[in-house]
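Shown next, in structure tokens, is the structure this report addresses.
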Amino acid sequence: MGKRKAAAKEVIEEVEEVEEEVMEEDDEEEVDDEVEAQIENEIEEPSIAMGEELQLVKKGPKAFANSADDLLRKKKEIETGLPWAETLVVSVPKKVELERVDDDLNREAQFYDIALKGVQEGFNKLKELGVPVKRPNDYFAEMVKSDHHMQKIKAKLIHDKKEMDEKEKRKTDRKLKKFGKKVQAEVQQRRVKEKKSLIADMDKFRKQGIASDTLKADLGLESKTRSHAPKKSKKREMKDAKFGFGGKKRGMKRNSADSAADMSGFSRKSYKRVPAGIKKNSKTGGKRPGKAARQGKKR
């Protein structure tokens with residue numbers, strides 16, 4: 001019984017809370033409706049009557065004050081009294097001088113010169129104070145960005161570079177393709193022209209027997225006229241000198257009146273010489289033995 005009462009009490013409380021929320025929403029809606037009505041009335045009934053002029057406050061030109069005393073006072077407030085090595089403040093007395101106000105290039109060049117002189121002066125002061133100005137070779141500092149971030153940047157740069165290379169390669173391939181087509185067409189035209197010229201030379205060679213230089217090279221006629229014979233041996237040269245080669249062979253050894261009268265090959269000494277195998281004071285009187293005698297000696 002007690003549990004039922006508690007549950008009923010909780011349900012009643014929840015219903016009351018919902019009713020309160022609904023009432024608050026209704027109130028807000030009523031307020032919004034009142035604000036909208038007021039705005040509409042203001043639009044319909046302007047605050048400025050017809051014919052009444054709107055008076056605007058006109059401001060004069062802006063005045064620029066160059067108060068040297070205030071500037072010096074602020075300078076003293078900024079000064080901390082720290083040594084120069086802690087502030088690194090460098091002043092260059094050079095002024096910017098321009099002939100024309102809109103000469104931006106000359107102005108930037110003078111800014112560069114002033115900044116360069118200030119850096120040189122500060123560098124020399126640091127050297128005098130013994131402050132190191134160059135990073136040693138074994139100096140390692142923590143990176144501002146993490147390694148993971150730098151790896152992503154590196155991968156992005158590599159990807160961009162790869163894309164650029166591929167674009168350049170495609171562009172080059174297109175140019176080469178166009179050039180290749182042009183060259184291929186020229187080669188085909190040259191081949192057709194050479195073929196026509198060769199056919200004309202062949203017809204001329206068949207009809208007239210005249211071969212052009214190109215036809216000779218194609219048919220190998222030049223190689224036949226050239227002598228590619230191997231080198232002759234001494235024996236072959238002697239036989240050629242003795243018997244000759246090519247041409248007429250019959251009657252080559254027949255004497256003529258000149259050859260019969262020629263005694264240059266005669267030698268008295270060789271004429272008196274006894275043939276080999278025959279003794280000078282033999283019984284035969286120096287004559288050669290007969291065939292039967294010679295065969296009897298062999299037995």
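By convention in this document, the chains of the structure tokens carry letters A, B, ... by their order, each chain's residues are numbered from 1, and ligands are numbered from 1 in the order they are shown.
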Surrounding residues of A:Leu98 excluding itself and chain neighbours under 6 positions, 10 Å, only C-alpha atoms, as a list in words: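 The residues that qualify are Asp104, Asn106, Arg107 and Gln110 of chain A.
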Using N, CA, C and O atoms, can you export the residues from the last selection as a PDB file, in the first residue's frame?
```pdb
ATOM      1  N   ASP A 104      58.144  53.063 -54.558  1.00  0.00           N
ATOM      2  CA  ASP A 104      58.192  51.957 -53.594  1.00  0.00           C
ATOM      3  C   ASP A 104      59.486  51.157 -53.696  1.00  0.00           C
ATOM      4  O   ASP A 104      60.013  50.672 -52.685  1.00  0.00           O
ATOM      5  N   ASN A 106      62.569  52.127 -54.495  1.00  0.00           N
ATOM      6  CA  ASN A 106      63.669  52.822 -53.810  1.00  0.00           C
ATOM      7  C   ASN A 106      63.478  52.780 -52.297  1.00  0.00           C
ATOM      8  O   ASN A 106      64.441  52.622 -51.539  1.00  0.00           O
ATOM      9  N   ARG A 107      62.223  52.911 -51.836  1.00  0.00           N
ATOM     10  CA  ARG A 107      61.948  52.861 -50.399  1.00  0.00           C
ATOM     11  C   ARG A 107      62.341  51.499 -49.821  1.00  0.00           C
ATOM     12  O   ARG A 107      63.004  51.416 -48.789  1.00  0.00           O
ATOM     13  N   GLN A 110      66.105  51.143 -49.564  1.00  0.00           N
ATOM     14  CA  GLN A 110      66.673  51.851 -48.409  1.00  0.00           C
ATOM     15  C   GLN A 110      66.360  51.123 -47.103  1.00  0.00           C
ATOM     16  O   GLN A 110      67.200  51.062 -46.201  1.00  0.00           O
TER      17      GLN A 110
END
```
Show me, as a PyMOL selection string, the residues that have an atom within 10 Å of A:Lys94 when counting only C-alpha atoms, minus same-chain residues fewer than 5 positions from it. chain A and resi 110-111+113-114+117
From a backbone DSSP assignment, name each residue in stretch 36-203 of chain A labelled alpha helix (DSSP H), as a ChimeraX atom specification. /A:36-44,68-78,84-87,104-129,147-203
